[in-house]
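Have a look at the structure below before the remarks.
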Amino acid sequence: MSRSPIVLVPACNRWLGDHPFHIAGRKYVDAVRLAGALPLIVPNLEAQEIDEALDLAHGVLLTGSPSNVHPSAFGEEVHDPSLPLDPERDAWTLPLITRALARGLPLFGICRGTQEVNVALGGTLHQAVQEVPGLADHRAPEPAPADVQYAPSHAVQVVGGGLLEAILGLPGFEVNSLHGQGVKTLAPGLRAEALAPDGLVEAFSMPGAAGFNLCVQWHPEWRAVDNPVSVQLFQAFGAAVRRYRDRVRGPLPRPAGLA
């Protein structure tokens with residue numbers, strides 16, 4: 001029997017009382033299990049540890065977070081100092097992204113994770129989408145219960161001929177929307193996979209990368225098992241992770257005494 005493929009889930013940094021913690025949302029861990037893989041939550045890594053962690057992995061899931069990517073990573077000053085940032089996460093996830101893609105590791109980015117991928121590869125972000133003329137307010141209503149915040153918010157149009165169309169076979173569908181930052185300019189080599197009604201990029205991929213990769217601005221992990229689109233996305237990611245495991249790592253040897 002083959003071992004379960006391992007998917008790295010980078011943790012965020014949070015102070016709880018007087019102590020710093022590494023945390024990751026349970027819904028992302030559950031989504032990795034839905035993909036048929038073993039989630040491995042990873043704390044802040046030092047530069048020399050990134051490749052060691054990738055040596056263990058068969059895939060990477062970049063999670064959403066209350067925090068934004070620090071604007072210094074794409075050459076801007078902080079627009080709103082009241083919003084949470086996590087430069088410690090940026091410091092190691094941005095180089096991890098380029099190294100994972102170079103290896104052909106399957107990669108799935110969600111919300112903040114999507115923004116990280118775009119920035120890591122040389123793209124830029126709107127820090128406040130709602131302030132850009134012609135763009136809608138993509139933030140969740142506050143205060144509101146989670147069921148309201150994660151309810152379907154708007155449709156996305158799938159760009160024909162891409163990975164998302166190949167996975168879903170749909171021209172469009174409804175998504176939730178809980179983000180203030182968003183893609184401003186796509187990094188070189190990235191392809192838009194879905195657009196919001198206002199034209200904002202809602203999903204992209206890097207067709208030139210060796211392995212499966214998909215980044216989405218919405219939150220497919222929210223009650224994923226009840227959402228057919230989310231199930232298909234995580235199943236596609238899981239299938240890619242298993243292929244990577246079998247190709248690069250090989251199956252486990254059979255125990256002695258078995259035919």
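Labeling convention for the structure tokens: chains A, B, ... as they appear, residues from 1 per chain, ligands from 1 in order of appearance.
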### Message
Please identify the strand (DSSP E or B) residues within range 107-213 of chain A (assignment by DSSP from backbone atoms) and present them as a ChimeraX atom specification.
### Response
/A:107-110,124-126,154-158,172-175,182-185,191-195,201-205,213
Dump of N, CA, C and O atoms for the selected residues, as a compact mmCIF listing (two decimals), in the first residue's frame:
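Once written, part_28.txt looks like this:
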# COMPACT_ATOMS: atom_id res chain seq x y z
N LEU A 107 0.71 22.76 -6.63
CA LEU A 107 0.52 23.91 -5.75
C LEU A 107 -0.89 24.44 -5.93
O LEU A 107 -1.36 24.62 -7.05
N PHE A 108 -1.56 24.68 -4.80
CA PHE A 108 -2.91 25.24 -4.80
C PHE A 108 -2.89 26.46 -3.89
O PHE A 108 -2.57 26.35 -2.70
N GLY A 109 -3.22 27.64 -4.43
CA GLY A 109 -3.26 28.87 -3.65
C GLY A 109 -4.68 29.35 -3.44
O GLY A 109 -5.50 29.29 -4.36
N ILE A 110 -4.98 29.80 -2.23
CA ILE A 110 -6.31 30.28 -1.88
C ILE A 110 -6.20 31.66 -1.24
O ILE A 110 -5.44 31.85 -0.29
N THR A 124 1.82 42.38 -9.10
CA THR A 124 1.49 43.39 -8.10
C THR A 124 0.04 43.23 -7.66
O THR A 124 -0.76 42.52 -8.29
N LEU A 125 -0.31 43.92 -6.56
CA LEU A 125 -1.65 43.82 -5.98
C LEU A 125 -2.27 45.19 -5.79
O LEU A 125 -1.56 46.18 -5.54
N HIS A 126 -3.59 45.26 -5.91
CA HIS A 126 -4.34 46.38 -5.36
C HIS A 126 -4.41 46.17 -3.86
O HIS A 126 -4.84 45.11 -3.40
N HIS A 154 -20.80 36.61 -5.78
CA HIS A 154 -20.89 37.03 -7.19
C HIS A 154 -20.48 35.86 -8.08
O HIS A 154 -19.90 34.87 -7.60
N ALA A 155 -20.76 35.99 -9.35
CA ALA A 155 -20.38 34.97 -10.31
C ALA A 155 -18.94 35.22 -10.78
O ALA A 155 -18.41 36.33 -10.68
N VAL A 156 -18.30 34.17 -11.28
CA VAL A 156 -17.04 34.31 -12.01
C VAL A 156 -17.22 33.71 -13.39
O VAL A 156 -17.96 32.74 -13.57
N GLN A 157 -16.56 34.32 -14.36
CA GLN A 157 -16.56 33.81 -15.73
C GLN A 157 -15.27 33.03 -15.94
O GLN A 157 -14.17 33.56 -15.74
N VAL A 158 -15.38 31.78 -16.33
CA VAL A 158 -14.21 30.94 -16.59
C VAL A 158 -13.63 31.31 -17.96
O VAL A 158 -14.36 31.40 -18.95
N GLY A 172 -19.03 29.25 -15.98
CA GLY A 172 -19.03 30.15 -14.83
C GLY A 172 -19.75 29.52 -13.66
O GLY A 172 -20.40 28.48 -13.79
N PHE A 173 -19.62 30.16 -12.49
CA PHE A 173 -20.28 29.68 -11.28
C PHE A 173 -20.20 30.77 -10.22
O PHE A 173 -19.50 31.78 -10.39
N GLU A 174 -20.90 30.57 -9.12
CA GLU A 174 -20.92 31.54 -8.02
C GLU A 174 -19.82 31.26 -7.02
O GLU A 174 -19.50 30.10 -6.75
N VAL A 175 -19.23 32.33 -6.47
CA VAL A 175 -18.18 32.18 -5.46
C VAL A 175 -18.45 33.12 -4.29
O VAL A 175 -19.20 34.09 -4.41
N GLY A 182 -6.23 42.41 -4.07
CA GLY A 182 -6.53 41.61 -5.25
C GLY A 182 -5.47 41.84 -6.31
O GLY A 182 -4.66 42.78 -6.22
N VAL A 183 -5.48 41.00 -7.33
CA VAL A 183 -4.48 41.09 -8.38
C VAL A 183 -4.61 42.42 -9.13
O VAL A 183 -5.68 42.78 -9.61
N LYS A 184 -3.49 43.11 -9.23
CA LYS A 184 -3.41 44.35 -10.03
C LYS A 184 -2.82 44.02 -11.39
O LYS A 184 -3.45 44.21 -12.43
N THR A 185 -1.60 43.52 -11.40
CA THR A 185 -0.98 43.03 -12.64
C THR A 185 -0.54 41.59 -12.41
O THR A 185 0.10 41.28 -11.39
N ARG A 191 -1.53 32.96 -16.31
CA ARG A 191 -2.69 33.01 -17.21
C ARG A 191 -3.96 33.16 -16.38
O ARG A 191 -4.19 32.38 -15.45
N ALA A 192 -4.78 34.15 -16.68
CA ALA A 192 -6.06 34.29 -15.99
C ALA A 192 -6.94 33.09 -16.30
O ALA A 192 -7.08 32.68 -17.46
N GLU A 193 -7.54 32.52 -15.27
CA GLU A 193 -8.42 31.36 -15.40
C GLU A 193 -9.88 31.70 -15.14
O GLU A 193 -10.78 30.99 -15.60
N ALA A 194 -10.14 32.79 -14.41
CA ALA A 194 -11.51 33.22 -14.14
C ALA A 194 -11.49 34.70 -13.78
O ALA A 194 -10.52 35.20 -13.20
N LEU A 195 -12.58 35.39 -14.14
CA LEU A 195 -12.71 36.82 -13.91
C LEU A 195 -14.02 37.12 -13.19
O LEU A 195 -15.04 36.47 -13.44
N VAL A 201 -9.18 39.67 -11.65
CA VAL A 201 -8.74 38.28 -11.81
C VAL A 201 -9.12 37.49 -10.56
O VAL A 201 -8.72 37.84 -9.45
N GLU A 202 -9.88 36.42 -10.74
CA GLU A 202 -10.35 35.59 -9.62
C GLU A 202 -9.61 34.26 -9.55
O GLU A 202 -9.67 33.57 -8.53
N ALA A 203 -8.92 33.88 -10.61
CA ALA A 203 -8.15 32.64 -10.60
C ALA A 203 -7.09 32.74 -11.69
O ALA A 203 -7.30 33.40 -12.72
N PHE A 204 -5.95 32.09 -11.45
CA PHE A 204 -4.91 32.05 -12.47
C PHE A 204 -4.08 30.79 -12.30
O PHE A 204 -4.13 30.11 -11.27
N SER A 205 -3.32 30.49 -13.32
CA SER A 205 -2.38 29.37 -13.29
C SER A 205 -1.11 29.78 -13.99
O SER A 205 -1.04 30.85 -14.62
N ASN A 213 -0.74 23.55 -11.00
CA ASN A 213 -0.81 24.72 -10.13
C ASN A 213 -2.07 25.50 -10.46
O ASN A 213 -2.42 25.68 -11.63
Range 155-254 of chain A residues near range 64-72 of chain A within 12 Å, closest pair each, using only C-alpha atoms, as CSV:
residue,atom,partner,partner_atom,distance
A:Ser177,CA,A:Gly64,CA,11.7
A:Leu178,CA,A:Pro66,CA,9.5
A:His179,CA,A:Pro66,CA,8.9
A:Gly180,CA,A:Asn68,CA,8.6
A:Gln181,CA,A:Asn68,CA,7.3
A:Gly182,CA,A:Asn68,CA,10.0
A:Val183,CA,A:Val69,CA,11.6
A:Cys215,CA,A:Gly64,CA,11.0
A:Val216,CA,A:Gly64,CA,10.1
A:Gln217,CA,A:Gly64,CA,8.9
A:Trp218,CA,A:Gly64,CA,9.1
A:His219,CA,A:Gly64,CA,7.8
A:Pro220,CA,A:Gly64,CA,10.5
A:Glu221,CA,A:Gly64,CA,9.6
A:Trp222,CA,A:Gly64,CA,11.0
Can you write out the residues you just picked, keeping C-alpha atoms, as a PDB file, in the first residue's frame?
ATOM      1  CA  SER A 177     -15.720  36.904  -1.649  1.00  0.00           C
ATOM      2  CA  LEU A 178     -13.763  37.968   1.451  1.00  0.00           C
ATOM      3  CA  HIS A 179     -10.762  39.959   0.272  1.00  0.00           C
ATOM      4  CA  GLY A 180      -9.590  43.564   0.241  1.00  0.00           C
ATOM      5  CA  GLN A 181      -6.392  42.991  -1.730  1.00  0.00           C
ATOM      6  CA  GLY A 182      -6.526  41.615  -5.252  1.00  0.00           C
ATOM      7  CA  VAL A 183      -4.480  41.093  -8.382  1.00  0.00           C
ATOM      8  CA  CYS A 215      -4.686  29.829  -7.537  1.00  0.00           C
ATOM      9  CA  VAL A 216      -8.162  31.093  -6.677  1.00  0.00           C
ATOM     10  CA  GLN A 217      -9.199  34.298  -4.946  1.00  0.00           C
ATOM     11  CA  TRP A 218     -12.339  32.852  -3.342  1.00  0.00           C
ATOM     12  CA  HIS A 219     -12.531  30.262  -0.547  1.00  0.00           C
ATOM     13  CA  PRO A 220     -13.312  26.787  -1.934  1.00  0.00           C
ATOM     14  CA  GLU A 221     -12.310  25.232   1.393  1.00  0.00           C
ATOM     15  CA  TRP A 222     -15.409  26.651   3.125  1.00  0.00           C
TER      16      TRP A 222
END
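Considering the residues A:Ala31, A:Ala24, A:Leu200, A:Val60 and counting only C-alpha atoms, Gly104 in chain A has its shortest atom-to-atom contact with A:Val60.
Take the candidates A:Ala151, A:Ala53, A:Val117, A:Ala210 and check each one against Arg223 in chain A using only C-alpha atoms; the shortest distance goes to A:Ala151.
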### Task
Apply DSSP to the backbone of this structure and, from range 118-151 of chain A, keep only the residues in alpha helix (DSSP H); write these as a ChimeraX atom specification.
/A:118-120,146-149
Could you write out the selected residues, including C-alpha atoms, as a PDB file, in the first residue's frame?
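Just written: selection_35.pdb:
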ATOM      1  CA  ASN A 118       1.402  36.505  -7.890  1.00  0.00           C
ATOM      2  CA  VAL A 119       3.825  38.617  -5.848  1.00  0.00           C
ATOM      3  CA  ALA A 120       6.456  35.869  -5.599  1.00  0.00           C
ATOM      4  CA  ALA A 146     -19.482  33.220   9.070  1.00  0.00           C
ATOM      5  CA  ASP A 147     -22.419  31.738   7.137  1.00  0.00           C
ATOM      6  CA  VAL A 148     -23.171  35.213   5.797  1.00  0.00           C
ATOM      7  CA  GLN A 149     -19.554  36.161   5.128  1.00  0.00           C
TER       8      GLN A 149
END
### Query
What is the CA of Leu56 in chain A-CA of Val7 in chain A distance in Å, reported with one decimal?
8.9 Å
Can you build me a table of range 105-168 of chain A residues sitting at most 9 Å from range 79-90 of chain A, with the closest atom pair per residue and its distance in Å to one decimal, using only C-alpha atoms, sorted by chain and residue number, as a tab-separated table?
residue	atom	partner	partner_atom	distance
A:Glu116	CA	A:Asp90	CA	7.6
A:Gln127	CA	A:His79	CA	6.8
A:Ala128	CA	A:His79	CA	8.0
Based on the selection just made, write all heavy atoms of those residues as a PDB file, in the first residue's frame.
ATOM      1  N   GLU A 116       0.076  35.743  -2.705  1.00  0.00           N
ATOM      2  CA  GLU A 116       1.493  35.425  -2.496  1.00  0.00           C
ATOM      3  C   GLU A 116       2.132  34.918  -3.787  1.00  0.00           C
ATOM      4  O   GLU A 116       3.262  35.302  -4.120  1.00  0.00           O
ATOM      5  CB  GLU A 116       1.636  34.352  -1.410  1.00  0.00           C
ATOM      6  CG  GLU A 116       1.412  34.848  -0.004  1.00  0.00           C
ATOM      7  CD  GLU A 116       1.427  33.718   1.017  1.00  0.00           C
ATOM      8  OE1 GLU A 116       0.818  32.650   0.749  1.00  0.00           O
ATOM      9  OE2 GLU A 116       2.030  33.894   2.087  1.00  0.00           O
ATOM     10  N   GLN A 127      -4.034  47.177  -3.078  1.00  0.00           N
ATOM     11  CA  GLN A 127      -4.145  47.036  -1.629  1.00  0.00           C
ATOM     12  C   GLN A 127      -5.574  47.221  -1.135  1.00  0.00           C
ATOM     13  O   GLN A 127      -5.927  46.693  -0.071  1.00  0.00           O
ATOM     14  CB  GLN A 127      -3.229  48.042  -0.934  1.00  0.00           C
ATOM     15  CG  GLN A 127      -1.753  47.772  -1.138  1.00  0.00           C
ATOM     16  CD  GLN A 127      -0.897  48.650  -0.250  1.00  0.00           C
ATOM     17  OE1 GLN A 127      -1.088  48.705   0.965  1.00  0.00           O
ATOM     18  NE2 GLN A 127       0.063  49.334  -0.855  1.00  0.00           N
ATOM     19  N   ALA A 128      -6.373  47.956  -1.882  1.00  0.00           N
ATOM     20  CA  ALA A 128      -7.766  48.203  -1.497  1.00  0.00           C
ATOM     21  C   ALA A 128      -8.598  48.175  -2.775  1.00  0.00           C
ATOM     22  O   ALA A 128      -8.831  49.215  -3.397  1.00  0.00           O
ATOM     23  CB  ALA A 128      -7.901  49.536  -0.776  1.00  0.00           C
TER      24      ALA A 128
END
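Counting from CA of Val9 in chain A, the distance to CA of Gly25 in chain A is 9.6 Å.
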### Task
Show which residues sit within 10 Å of Arg99 in chain A, as a list of chain:residue names. Count only C-alpha atoms, and ignore same-chain residues fewer than 6 positions away.
A:Ile50, A:Asp51, A:Leu54, A:Thr93, A:Leu105
### Query
Within 9 Å of Ala47 in chain A, counting only C-alpha atoms, which residues qualify if same-chain residues fewer than 2 places away don't, as a PyMOL selection string?
chain A and resi 45+49-51+91-92+95-96
### range 32-35 of chain A environment, 9 Å, only C-alpha atoms, sequence neighbours closer than 2 positions dropped, as a PyMOL selection string
chain A and resi 7+9+27-30+37-39+61+224-225+231+233-239+241
